[in-house]
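Undergrad: data_33.txt is the file, holding compact mmCIF, C-alpha atoms:
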```
# COMPACT_ATOMS: atom_id res chain seq x y z
CA MET A 1 52.45 8.72 23.95
CA GLN A 2 48.80 9.73 23.99
CA LYS A 3 48.44 9.06 20.23
CA ALA A 4 49.98 5.61 20.62
CA ALA A 5 47.58 4.81 23.48
CA ILE A 6 44.59 5.88 21.40
CA GLU A 7 45.70 3.75 18.44
CA LYS A 8 46.22 0.75 20.70
CA ASN A 9 42.75 1.22 22.19
CA ASN A 10 41.21 1.44 18.69
CA GLU A 11 42.92 -1.78 17.69
CA ALA A 12 41.52 -3.52 20.78
CA ILE A 13 38.00 -2.33 19.94
CA ALA A 14 38.35 -3.37 16.28
CA ALA A 15 39.31 -6.87 17.37
CA GLN A 16 35.98 -7.24 19.18
CA LEU A 17 33.67 -5.75 16.55
CA ALA A 18 32.71 -7.20 13.20
CA PRO A 19 33.25 -4.80 10.30
CA VAL A 20 30.14 -3.11 8.96
CA GLY A 21 29.95 -4.01 5.29
CA ARG A 22 27.33 -4.25 2.62
CA GLU A 23 24.13 -6.18 3.07
CA THR A 24 24.91 -9.90 3.07
CA VAL A 25 23.29 -12.53 0.86
CA GLN A 26 21.59 -13.90 3.97
CA ASP A 27 20.06 -10.49 4.66
CA ARG A 28 18.81 -10.14 1.09
CA VAL A 29 17.29 -13.61 1.08
CA TYR A 30 15.61 -12.95 4.43
CA SER A 31 14.26 -9.59 3.21
CA GLU A 32 12.85 -11.12 0.02
CA LEU A 33 11.16 -14.02 1.82
CA ARG A 34 9.82 -11.61 4.42
CA ARG A 35 8.41 -9.37 1.68
CA ALA A 36 6.81 -12.38 0.01
CA LEU A 37 5.15 -13.49 3.24
CA ILE A 38 3.81 -10.03 4.12
CA GLY A 39 2.52 -9.71 0.57
CA GLY A 40 0.84 -13.09 0.77
CA LEU A 41 2.80 -14.56 -2.13
CA PHE A 42 2.84 -17.88 -0.28
CA GLU A 43 -0.46 -19.55 0.52
CA PRO A 44 -1.51 -20.88 3.93
CA SER A 45 -0.32 -24.49 4.41
CA GLN A 46 2.04 -24.20 1.43
CA VAL A 47 5.15 -26.36 1.88
CA LEU A 48 8.48 -24.73 1.02
CA THR A 49 11.76 -26.53 0.49
CA ILE A 50 15.22 -25.11 0.93
CA ARG A 51 16.33 -26.30 -2.50
CA GLY A 52 13.22 -24.96 -4.22
CA LEU A 53 13.63 -21.53 -2.65
CA ALA A 54 17.36 -21.47 -3.37
CA ASP A 55 16.69 -22.20 -7.05
CA ALA A 56 13.97 -19.53 -7.21
CA LEU A 57 16.23 -16.94 -5.56
CA VAL A 58 19.27 -18.04 -7.59
CA THR A 59 21.44 -18.58 -4.54
CA SER A 60 22.94 -21.39 -2.48
CA THR A 61 21.04 -23.29 0.18
CA MET A 62 22.96 -21.83 3.15
CA PRO A 63 21.46 -18.30 3.14
CA VAL A 64 18.00 -19.77 2.53
CA ARG A 65 18.40 -22.14 5.48
CA GLU A 66 19.45 -19.29 7.74
CA ALA A 67 16.60 -17.04 6.57
CA LEU A 68 14.04 -19.79 7.13
CA GLY A 69 15.38 -20.30 10.64
CA ARG A 70 14.78 -16.65 11.43
CA LEU A 71 11.27 -16.77 9.99
CA ILE A 72 10.45 -19.90 11.99
CA THR A 73 11.57 -18.08 15.14
CA GLU A 74 9.27 -15.21 14.21
CA LYS A 75 6.33 -17.67 13.88
CA ALA A 76 5.90 -16.77 10.21
CA LEU A 77 6.77 -20.34 9.16
CA GLU A 78 6.61 -23.79 10.74
CA ALA A 79 9.32 -26.45 10.64
CA LEU A 80 8.30 -29.89 9.34
CA PRO A 81 9.94 -33.23 10.23
CA ASN A 82 11.35 -33.74 6.71
CA ARG A 83 13.48 -30.57 6.96
CA SER A 84 11.05 -28.58 4.84
CA VAL A 85 8.89 -25.76 6.17
CA ARG A 86 5.35 -24.62 5.60
CA VAL A 87 3.27 -21.52 5.88
CA PRO A 88 1.01 -21.96 8.95
CA PRO A 89 -2.48 -23.16 7.98
CA ILE A 90 -5.55 -21.03 8.58
CA THR A 91 -7.41 -22.16 11.69
CA LEU A 92 -10.09 -20.49 13.78
CA GLU A 93 -7.69 -20.29 16.72
CA ARG A 94 -4.95 -18.64 14.64
CA LEU A 95 -7.34 -16.15 13.06
CA ASP A 96 -8.74 -15.12 16.44
CA ASP A 97 -5.29 -14.85 17.99
CA LEU A 98 -3.85 -12.72 15.18
CA LEU A 99 -6.87 -10.43 15.03
CA ARG A 100 -6.88 -9.90 18.80
CA ALA A 101 -3.20 -8.95 18.77
CA ARG A 102 -3.56 -6.65 15.77
CA ILE A 103 -6.52 -4.82 17.29
CA LEU A 104 -4.61 -4.21 20.52
CA ILE A 105 -1.28 -3.17 19.02
CA GLU A 106 -2.29 -1.45 15.79
CA GLY A 107 -5.23 0.20 17.52
CA GLU A 108 -2.86 1.78 20.02
CA ALA A 109 -0.43 2.82 17.27
CA ILE A 110 -3.09 4.65 15.25
CA ALA A 111 -4.48 6.35 18.36
CA LEU A 112 -1.00 7.68 19.13
CA ALA A 113 -0.49 8.70 15.50
CA ALA A 114 -3.75 10.67 15.43
CA ALA A 115 -2.25 13.36 17.66
CA ARG A 116 1.05 13.48 15.80
CA MET A 117 0.17 13.44 12.09
CA GLY A 118 0.59 16.75 10.30
CA SER A 119 -0.73 18.01 6.98
CA ARG A 120 2.20 16.46 5.09
CA GLN A 121 1.51 12.96 6.44
CA ILE A 122 -2.23 13.34 5.78
CA ALA A 123 -1.46 14.41 2.21
CA THR A 124 0.74 11.34 1.76
CA ILE A 125 -1.95 8.85 2.80
CA GLU A 126 -4.49 10.71 0.67
CA THR A 127 -2.13 10.30 -2.29
CA ILE A 128 -1.96 6.57 -1.60
CA LEU A 129 -5.76 6.45 -1.57
CA GLY A 130 -5.78 8.28 -4.89
CA GLU A 131 -3.53 5.62 -6.38
CA TRP A 132 -5.86 2.99 -4.93
CA ASP A 133 -8.87 4.62 -6.62
CA GLU A 134 -7.04 4.68 -9.96
CA MET A 135 -6.19 1.01 -9.63
CA ARG A 136 -9.74 0.05 -8.68
CA ALA A 137 -11.06 1.96 -11.71
CA LEU A 138 -9.27 -0.54 -13.95
CA LYS A 139 -11.95 -3.17 -13.41
CA HIS A 140 -10.60 -5.35 -16.18
CA LYS A 141 -7.25 -5.68 -14.47
CA LYS A 142 -7.27 -7.17 -10.98
CA ASP A 143 -3.84 -6.34 -9.56
CA VAL A 144 -3.69 -8.06 -6.17
CA ASP A 145 0.04 -7.41 -5.74
CA ARG A 146 -0.52 -3.67 -6.22
CA GLU A 147 -3.47 -3.71 -3.83
CA VAL A 148 -1.42 -5.45 -1.15
CA THR A 149 1.45 -2.96 -1.61
CA LEU A 150 -0.82 0.09 -1.39
CA ASN A 151 -2.56 -1.30 1.66
CA GLN A 152 0.76 -1.84 3.43
CA SER A 153 2.05 1.61 2.44
CA PHE A 154 -1.13 3.25 3.72
CA HIS A 155 -1.02 1.59 7.13
CA PHE A 156 2.68 1.93 7.79
CA GLU A 157 2.75 5.61 6.77
CA ILE A 158 0.33 6.06 9.68
CA TYR A 159 2.06 3.75 12.13
CA ARG A 160 5.43 5.45 11.61
CA CYS A 161 3.86 8.57 13.10
CA CYS A 162 2.97 6.87 16.38
CA GLY A 163 6.26 7.85 18.01
CA SER A 164 6.96 4.36 19.39
CA ALA A 165 10.07 2.45 18.38
CA VAL A 166 8.70 -0.58 20.24
CA LEU A 167 5.33 -0.88 18.49
CA ILE A 168 6.61 -0.79 14.89
CA PRO A 169 8.57 -4.10 14.93
CA MET A 170 5.65 -5.74 16.75
CA ILE A 171 3.29 -4.60 14.00
CA GLU A 172 5.71 -5.81 11.32
CA SER A 173 5.77 -9.23 12.98
CA LEU A 174 1.97 -9.40 13.00
CA TRP A 175 1.80 -8.45 9.33
CA LEU A 176 4.40 -11.08 8.58
CA GLN A 177 2.15 -13.72 10.15
CA SER A 178 -1.07 -12.29 8.66
CA GLY A 179 0.07 -11.85 5.06
CA PRO A 180 -0.99 -15.25 3.68
CA CYS A 181 -4.42 -14.94 5.31
CA ILE A 182 -5.02 -11.43 3.99
CA ARG A 183 -4.27 -12.40 0.40
CA VAL A 184 -6.73 -15.29 0.60
CA ALA A 185 -9.32 -12.81 1.89
CA ILE A 186 -8.67 -10.37 -0.98
CA TYR A 187 -9.43 -13.10 -3.51
CA ALA A 188 -12.50 -14.12 -1.51
CA PHE A 189 -13.80 -10.54 -1.41
CA SER A 190 -13.34 -10.30 -5.17
CA GLU A 191 -15.29 -13.51 -5.73
CA ALA A 192 -18.05 -12.20 -3.46
CA GLY A 193 -18.37 -9.05 -5.57
CA GLU A 194 -17.09 -6.55 -3.01
CA VAL A 195 -15.31 -3.72 -4.80
CA ASP A 196 -14.93 -0.61 -2.61
CA THR A 197 -12.59 -1.84 0.07
CA ALA A 198 -10.96 1.61 0.24
CA GLN A 199 -14.02 3.06 1.98
CA TYR A 200 -12.61 1.89 5.31
CA HIS A 201 -9.37 3.73 4.61
CA ARG A 202 -11.29 6.90 3.80
CA ARG A 203 -12.91 6.78 7.22
CA ILE A 204 -9.47 6.43 8.79
CA VAL A 205 -8.19 9.48 6.88
CA THR A 206 -11.18 11.55 7.99
CA ALA A 207 -10.59 10.63 11.63
CA LEU A 208 -6.86 11.35 11.44
CA ALA A 209 -7.42 14.70 9.72
CA THR A 210 -9.52 15.81 12.70
CA GLN A 211 -7.14 14.17 15.23
CA ASP A 212 -9.99 12.00 16.52
CA ALA A 213 -8.04 9.13 18.08
CA GLN A 214 -11.11 7.14 19.10
CA ALA A 215 -12.70 7.34 15.65
CA ALA A 216 -9.37 6.43 14.05
CA ARG A 217 -9.06 3.37 16.28
CA GLU A 218 -12.64 2.27 15.60
CA SER A 219 -12.23 2.72 11.84
CA LEU A 220 -9.00 0.74 11.88
CA VAL A 221 -10.59 -2.09 13.87
CA ALA A 222 -13.41 -2.26 11.32
CA ASP A 223 -10.86 -2.36 8.49
CA ILE A 224 -8.53 -5.06 9.81
CA SER A 225 -11.38 -7.17 11.24
CA ARG A 226 -13.07 -7.66 7.87
CA PRO A 227 -10.72 -10.24 6.30
CA PHE A 228 -10.43 -12.22 9.53
CA THR A 229 -14.20 -12.26 10.06
CA PHE A 230 -14.76 -13.25 6.43
CA LEU A 231 -12.27 -16.11 6.60
CA ARG A 232 -13.65 -17.23 9.94
CA SER A 233 -17.12 -17.46 8.41
CA LYS A 234 -15.79 -19.50 5.48
CA LEU A 235 -13.99 -21.92 7.79
CA GLN A 236 -17.08 -22.40 9.93
CA SER A 237 -19.23 -22.94 6.84
CA ALA A 238 -16.81 -25.51 5.48
CA ALA A 239 -16.71 -27.30 8.84
CA SER A 240 -20.51 -27.45 8.93
CA LYS A 241 -20.63 -28.99 5.45
CA ASP A 242 -18.08 -31.62 6.45
CA GLN A 243 -20.26 -32.64 9.38
CA THR A 244 -23.37 -33.13 7.22
```
Mind turning this structure into structure tokens?
TA:
Amino acid sequence: MQKAAIEKNNEAIAAQLAPVGRETVQDRVYSELRRALIGGLFEPSQVLTIRGLADALVTSTMPVREALGRLITEKALEALPNRSVRVPPITLERLDDLLRARILIEGEAIALAAARMGSRQIATIETILGEWDEMRALKHKKDVDREVTLNQSFHFEIYRCCGSAVLIPMIESLWLQSGPCIRVAIYAFSEAGEVDTAQYHRRIVTALATQDAQAARESLVADISRPFTFLRSKLQSAASKDQT
């Protein structure tokens, strides 16, 4: 009797829950578009069409449409009247808003991580910096994709040590919205002749190795502020030229 009751209860539960299967096509499309946005593979103001993305991803339009809907909800993309979408343009207001949020949230995450990172985690981020130095030494080969990947790996290795399950998805959302801007800044830095961008990461490592939360926060703020300040200056300069 008891076994029959248990089986009946399991059947009732199964009827209410969806089976857990492999990752769906929708999930894979969403993950790939998300990776592309964080990596800055799409430019600010770039218009994207469902059909164009479906062809590029070799899939049907349905999973692309669903993935774009999720990304629009996350403020990573904007819906346009003609059923296409675009990457949000760079504006002074958007730059200031994103930077303010990143300073608050990522600054808190690194301060929390400073007290929790052990020698293994420090060694990991030092290894990432070593890979960065090797890449930068190849002056004839500018690998922006690799630079973006190493930068993301460096930061998130630290943030995962913060001990907060709430902060991590918030940081991911901010990186999702910042990606296109950061890539533009990387190209701009290169054109301006700046080469040692890893120096800011070295300061962060030094602060974390000594568990100096305040120094880690200040070094992080200096690091993430640079591209936003640089782009802000370019926008203001362009606006001034248009007025003359």
Undergrad: Using all atoms listed in the file, find each residue of region 64-119 of chain A with at least one atom at most 8 Å away from an atom of region 172-186 of chain A; report its shortest atom-to-atom pair and that distance in Å (one decimal), sort the rows by chain and rising residue number, and return the result as JSON lines.
TA:
```
{"residue": "A:Glu74", "atom": "CA", "partner": "A:Ser173", "partner_atom": "CA", "distance": 7.0}
{"residue": "A:Lys75", "atom": "CA", "partner": "A:Gln177", "partner_atom": "CA", "distance": 6.9}
{"residue": "A:Ala76", "atom": "CA", "partner": "A:Gln177", "partner_atom": "CA", "distance": 4.8}
{"residue": "A:Val87", "atom": "CA", "partner": "A:Pro180", "partner_atom": "CA", "distance": 7.9}
{"residue": "A:Ile90", "atom": "CA", "partner": "A:Cys181", "partner_atom": "CA", "distance": 7.0}
{"residue": "A:Leu98", "atom": "CA", "partner": "A:Leu174", "partner_atom": "CA", "distance": 7.0}
{"residue": "A:Ala101", "atom": "CA", "partner": "A:Leu174", "partner_atom": "CA", "distance": 7.8}
{"residue": "A:Arg102", "atom": "CA", "partner": "A:Leu174", "partner_atom": "CA", "distance": 6.8}
```
Undergrad: Please list, as number ranges by chain, the residues that have an atom at most 12 Å away from (-8.6, 1.7, 14.3) in the coordinates of this file, counting only C-alpha atoms.
TA: A: 102-114, 155, 158-159, 200-201, 203-208, 212-225
Undergrad: Go ahead and compute the interatomic distance for CA of Pro88 (chain A) and CA of Pro44 (chain A), in Å to one decimal.
TA: 5.7 Å
Undergrad: Tell me, in Å to one decimal, how far CA of Leu57 (chain A) is from CA of Asp145 (chain A).
TA: 18.8 Å
Undergrad: Between A:Val58, A:Leu92, A:Leu80, A:Val85, which one has atoms that come closest to Ala239 (chain A), using only C-alpha atoms?
TA: A:Leu92
Undergrad: Please report the interatomic distance between CA of Val25 (chain A) and CA of Ala56 (chain A) in Å with one decimal.
TA: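 A separation of 14.2 Å between them.
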Undergrad: Identify which of the residues A:Thr127, A:Glu93, A:Trp132, A:Leu33 lies closest to Glu147 (chain A), counting all atoms listed in the file when measuring atom-to-atom distances.
TA: A:Trp132
Undergrad: If we draw a sphere of 10 Å around (0.6, 10.4, 7.7), which residues have at least one atom in it when counting only C-alpha atoms? Please report them as a list in words.
TA: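 The residues near that point, listed by chain and number, are Ala113, Ala114, Arg116, Met117, Gly118, Ser119, Arg120, Gln121, Ile122, Ala123, Thr124, Ile125, Glu126, Phe154, His155, Phe156, Glu157, Ile158, Tyr159, Arg160, Cys161, Cys162, Val205, Leu208 and Ala209 of chain A.
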Undergrad: May I have the selected residues written with C-alpha atoms, as a PDB file, in the coordinates of the input?
TA:
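The resulting file, selection22.pdb, is shown below:
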```
ATOM      1  CA  ALA A 113      -0.490   8.700  15.500  1.00  0.00           C
ATOM      2  CA  ALA A 114      -3.750  10.670  15.430  1.00  0.00           C
ATOM      3  CA  ARG A 116       1.050  13.480  15.800  1.00  0.00           C
ATOM      4  CA  MET A 117       0.170  13.440  12.090  1.00  0.00           C
ATOM      5  CA  GLY A 118       0.590  16.750  10.300  1.00  0.00           C
ATOM      6  CA  SER A 119      -0.730  18.010   6.980  1.00  0.00           C
ATOM      7  CA  ARG A 120       2.200  16.460   5.090  1.00  0.00           C
ATOM      8  CA  GLN A 121       1.510  12.960   6.440  1.00  0.00           C
ATOM      9  CA  ILE A 122      -2.230  13.340   5.780  1.00  0.00           C
ATOM     10  CA  ALA A 123      -1.460  14.410   2.210  1.00  0.00           C
ATOM     11  CA  THR A 124       0.740  11.340   1.760  1.00  0.00           C
ATOM     12  CA  ILE A 125      -1.950   8.850   2.800  1.00  0.00           C
ATOM     13  CA  GLU A 126      -4.490  10.710   0.670  1.00  0.00           C
ATOM     14  CA  PHE A 154      -1.130   3.250   3.720  1.00  0.00           C
ATOM     15  CA  HIS A 155      -1.020   1.590   7.130  1.00  0.00           C
ATOM     16  CA  PHE A 156       2.680   1.930   7.790  1.00  0.00           C
ATOM     17  CA  GLU A 157       2.750   5.610   6.770  1.00  0.00           C
ATOM     18  CA  ILE A 158       0.330   6.060   9.680  1.00  0.00           C
ATOM     19  CA  TYR A 159       2.060   3.750  12.130  1.00  0.00           C
ATOM     20  CA  ARG A 160       5.430   5.450  11.610  1.00  0.00           C
ATOM     21  CA  CYS A 161       3.860   8.570  13.100  1.00  0.00           C
ATOM     22  CA  CYS A 162       2.970   6.870  16.380  1.00  0.00           C
ATOM     23  CA  VAL A 205      -8.190   9.480   6.880  1.00  0.00           C
ATOM     24  CA  LEU A 208      -6.860  11.350  11.440  1.00  0.00           C
ATOM     25  CA  ALA A 209      -7.420  14.700   9.720  1.00  0.00           C
TER      26      ALA A 209
END
```
